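Novice: Shown below is the structure under consideration.
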Amino acid sequence: MRVDDLSLTDFRSYPRLEVAFGPGPHVVVGSNAAGKTNLLEAMVVLSRGGSHRARSDQELIRWGAPVSRLEAVVSSEPASQATNRLEVALAAPGAGVRAQKRIRVNGVGRRADALGDVLRTVLFAPESMALVSGSPSLRRDELDLLASQLRPAHGRALATYGRALSQRNSLLRLIREGSADRDQLPYWDRVLVEEGGAIVEGRLVVLGELEDALAGAHLEIAPGESPLAVAYETNAPARPGETPADALRRRLRETAEKEAWNGQTLVGPHRDDIRFILGGRDAASYGSRGQQRSIILAFKLAELDLLARRDGVAPLLLLDDVFSELDPDRRAHLVRRIGALPQAFITTTALEDLDPALVAESTAWRVAPGRLERIP
């Protein structure tokens, strides 16, 4: 997949930007806070409908502007020579528009999950470096993003589950305070069980599909290390004959008194985790820094492979200042993969920090506040 043309209006640090990109790697150079990450973030928004780092869409609108618009012309090769136009418009509160977010694909209003059918992205950012040992939410989010790009229904289940979880937690707090009755819980329990069961099933399916690609990528990157596997840890393990929804329903019954006392939902996929197992041991606890770096890079390369298998079209790779986190051998593996992709974007503060072979085959750009200029 390729972004051929990108247009930004009042997005983050860009009052107005219109730029055309060719195929192959693109290196974006600039000082910290100049707008490199904002450029990659715009492509993430156009592929997912939301940012990977903003707490709300309002943060994406340039300060003082009423509306932010992002547009891109995207082509897919080799499956099709046709192009598609994506548009995401974000309105600030009180901007006088009926919707705070509007998404269009080829001029037709669509939901956010339709964007992934046109533009799929794999993002490798500094926060990715905590994937193995960081918070479980990092691993859940990474898996859910991949699952949502492979199966749009997964994203819809996550959205419905999130709304139901928020409502149920509010109700549990009222029950704890004596301001509501427990007979209001069954409705939210039903939604939680149905959508939560679907989320767990989707995660397990994607992990099963990912496992071979992950093991293969890890063997390529670290041939001398122990085999790598991945395990799903749930707080609602299914008993023989149970589906994930059955198990969650049972666990909600078992924890009902404790939840009423605590005023929050204590079981469900929002509390599950994914573990990377290296040679039979948890890599978060026993893996060295170098081993964890190999696992993270292998995960990203496996993500690329799995998304490409969906329809034979490789996704867009976005690398946000991560080369400095990798040693020369791991950088070399990444450079080889980048060269085989239709397009990739790499940010850095200095060209000297990148592999010379990558720089030689890349189109270079310099970013300054509000501007992007090609380097001759």
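Just so we're on the same page: first chain in the structure tokens is A, next is B, and so on; residues restart at 1 for each chain, and ligands are numbered from 1 in the order they show up.
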DSSP on the backbone, strand (DSSP E) only: what residues of stretch 239-284 of chain A does that give? Format it as a PDB file with N, CA and C atoms, in the first residue's frame.
Specialist:
```
ATOM      1  N   ASP A 273      -4.016 -10.645  29.222  1.00  0.00           N
ATOM      2  CA  ASP A 273      -2.636 -10.319  28.871  1.00  0.00           C
ATOM      3  C   ASP A 273      -2.122 -11.308  27.834  1.00  0.00           C
ATOM      4  N   ILE A 274      -1.038 -10.931  27.182  1.00  0.00           N
ATOM      5  CA  ILE A 274      -0.339 -11.779  26.217  1.00  0.00           C
ATOM      6  C   ILE A 274       1.103 -11.897  26.683  1.00  0.00           C
ATOM      7  N   ARG A 275       1.604 -13.102  26.698  1.00  0.00           N
ATOM      8  CA  ARG A 275       2.973 -13.344  27.147  1.00  0.00           C
ATOM      9  C   ARG A 275       3.819 -13.921  26.022  1.00  0.00           C
ATOM     10  N   PHE A 276       5.063 -13.441  25.946  1.00  0.00           N
ATOM     11  CA  PHE A 276       6.036 -13.988  25.005  1.00  0.00           C
ATOM     12  C   PHE A 276       6.893 -14.995  25.763  1.00  0.00           C
ATOM     13  N   ILE A 277       6.926 -16.208  25.249  1.00  0.00           N
ATOM     14  CA  ILE A 277       7.628 -17.306  25.915  1.00  0.00           C
ATOM     15  C   ILE A 277       8.869 -17.675  25.105  1.00  0.00           C
ATOM     16  N   LEU A 278      10.013 -17.531  25.716  1.00  0.00           N
ATOM     17  CA  LEU A 278      11.289 -17.802  25.053  1.00  0.00           C
ATOM     18  C   LEU A 278      11.945 -18.993  25.728  1.00  0.00           C
ATOM     19  N   ARG A 281      10.278 -19.944  29.007  1.00  0.00           N
ATOM     20  CA  ARG A 281      10.270 -18.984  30.119  1.00  0.00           C
ATOM     21  C   ARG A 281       9.694 -17.646  29.654  1.00  0.00           C
ATOM     22  N   ASP A 282       9.068 -16.947  30.598  1.00  0.00           N
ATOM     23  CA  ASP A 282       8.468 -15.654  30.300  1.00  0.00           C
ATOM     24  C   ASP A 282       9.569 -14.643  29.971  1.00  0.00           C
TER      25      ASP A 282
END
```
Novice: Restrict the calculation to only C-alpha atoms, then for each residue of stretch 221-327 of chain A with any atom at most 10 Å from an atom of stretch 348-355 of chain A give the closest atom pair and their distance in Å to one decimal, rows by chain and rising residue number, as a tab-separated table.
Specialist:
```
residue	atom	partner	partner_atom	distance
A:Leu319	CA	A:Thr348	CA	9.1
A:Asp320	CA	A:Thr348	CA	7.3
A:Asp321	CA	A:Thr348	CA	5.0
A:Val322	CA	A:Thr348	CA	8.2
A:Phe323	CA	A:Leu354	CA	6.7
A:Ser324	CA	A:Asp353	CA	6.9
```
Novice: Just list as a PyMOL selection string whatever in stretch 63-286 of chain A DSSP marks as helix (DSSP H, G or I).
Specialist: chain A and resi 112-117+126-130+136-150+152-176+182-221+244-254+256-262+269-271+283-286
Novice: Quick one: residues within 10 Å of A:Glu325, only C-alpha atoms counted, chain neighbours fewer than 3 positions away excluded, as a list in words?
Specialist: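 Residues meeting the cut-off are Pro126, Met129, Arg293, Asp321, Val322, Pro328, Arg330 and Arg331 of chain A.
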Novice: Once you have the residues from the selection above, write them out as a PDB file, in the first residue's frame, restricted to N, CA, C and O atoms.
Specialist:
```
ATOM      1  N   PRO A 126       8.671   4.459  19.461  1.00  0.00           N
ATOM      2  CA  PRO A 126       9.446   4.245  20.688  1.00  0.00           C
ATOM      3  C   PRO A 126       8.680   3.492  21.773  1.00  0.00           C
ATOM      4  O   PRO A 126       9.261   2.669  22.491  1.00  0.00           O
ATOM      5  N   MET A 129       8.926  -0.312  22.114  1.00  0.00           N
ATOM      6  CA  MET A 129      10.065  -0.969  22.736  1.00  0.00           C
ATOM      7  C   MET A 129       9.754  -1.501  24.123  1.00  0.00           C
ATOM      8  O   MET A 129      10.546  -2.239  24.709  1.00  0.00           O
ATOM      9  N   ARG A 293      14.453  -7.037  22.551  1.00  0.00           N
ATOM     10  CA  ARG A 293      14.489  -6.268  21.311  1.00  0.00           C
ATOM     11  C   ARG A 293      14.235  -7.182  20.103  1.00  0.00           C
ATOM     12  O   ARG A 293      13.534  -6.808  19.162  1.00  0.00           O
ATOM     13  N   ASP A 321      11.491   6.956  14.565  1.00  0.00           N
ATOM     14  CA  ASP A 321      12.710   7.138  15.350  1.00  0.00           C
ATOM     15  C   ASP A 321      13.058   5.918  16.207  1.00  0.00           C
ATOM     16  O   ASP A 321      13.314   6.032  17.404  1.00  0.00           O
ATOM     17  N   VAL A 322      13.075   4.739  15.594  1.00  0.00           N
ATOM     18  CA  VAL A 322      13.370   3.518  16.350  1.00  0.00           C
ATOM     19  C   VAL A 322      14.720   2.913  15.993  1.00  0.00           C
ATOM     20  O   VAL A 322      15.177   1.987  16.677  1.00  0.00           O
ATOM     21  N   PRO A 328      23.302  -3.003  15.180  1.00  0.00           N
ATOM     22  CA  PRO A 328      23.517  -3.103  13.727  1.00  0.00           C
ATOM     23  C   PRO A 328      22.890  -4.328  13.081  1.00  0.00           C
ATOM     24  O   PRO A 328      22.354  -4.230  11.965  1.00  0.00           O
ATOM     25  N   ARG A 330      20.194  -6.081  14.013  1.00  0.00           N
ATOM     26  CA  ARG A 330      18.741  -5.943  13.924  1.00  0.00           C
ATOM     27  C   ARG A 330      18.354  -4.842  12.935  1.00  0.00           C
ATOM     28  O   ARG A 330      17.334  -4.940  12.254  1.00  0.00           O
ATOM     29  N   ARG A 331      19.150  -3.796  12.872  1.00  0.00           N
ATOM     30  CA  ARG A 331      18.898  -2.760  11.873  1.00  0.00           C
ATOM     31  C   ARG A 331      18.976  -3.348  10.463  1.00  0.00           C
ATOM     32  O   ARG A 331      18.173  -3.006   9.588  1.00  0.00           O
TER      33      ARG A 331
END
```
Novice: For A:Leu143, which residue out of A:Glu59, A:Asp10, A:Glu209, A:Glu373 is the nearest one, using only C-alpha atoms?
Specialist: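 Using only C-alpha atoms, A:Leu143 sits closest to A:Glu209.
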Novice: Using only C-alpha atoms, which of the listed residues (A:Ala217, A:Ala82, A:Val27, A:Ile61) sits closest to A:Asp4?
Specialist: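 Ranked by minimum distance to A:Asp4, first place goes to A:Ala82.
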Novice: Using only C-alpha atoms, determine which residues lie at most 9 Å from stretch 23-25 of chain A, disregarding the query and same-chain residues fewer than 2 positions distant; provide the list as a list in words.
Specialist: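 So, after excluding close chain neighbours, the residues are Arg2, Val3, Asp4, Phe21, Val27, Ile338, Gly339, Ala340, Leu341, Pro342, Gln343, Ala344, Phe345, Ile346, Leu358, Val359, Glu361, Ser362, Thr363 and Ala364 of chain A.
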Novice: Would you please work out which residue, of A:Pro237, A:Pro269, A:Gly134, A:Pro369, is nearest to A:Ala283 when using only C-alpha atoms?
Specialist: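 Comparing A:Pro237, A:Pro269, A:Gly134, A:Pro369 against A:Ala283, the winner is A:Gly134.
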Novice: What's the 10 Å shell around A:Leu158, counting only C-alpha atoms, without same-chain residues fewer than 2 positions away, as a list in words?
Specialist: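 The filter keeps Asp144, Ser148, Ala153, His154, Gly155, Arg156, Thr160, Tyr161, Gly162, Arg163, Ala164, Glu195, Gly196, Ala198, Ile199, Pro269 and His270 of chain A.
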Novice: Using only C-alpha atoms, which of A:Thr243, A:Ser13, A:Gln58, A:Asn169 sits nearest A:Thr37?
Specialist: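 Smallest distance to A:Thr37 is found for A:Ser13.
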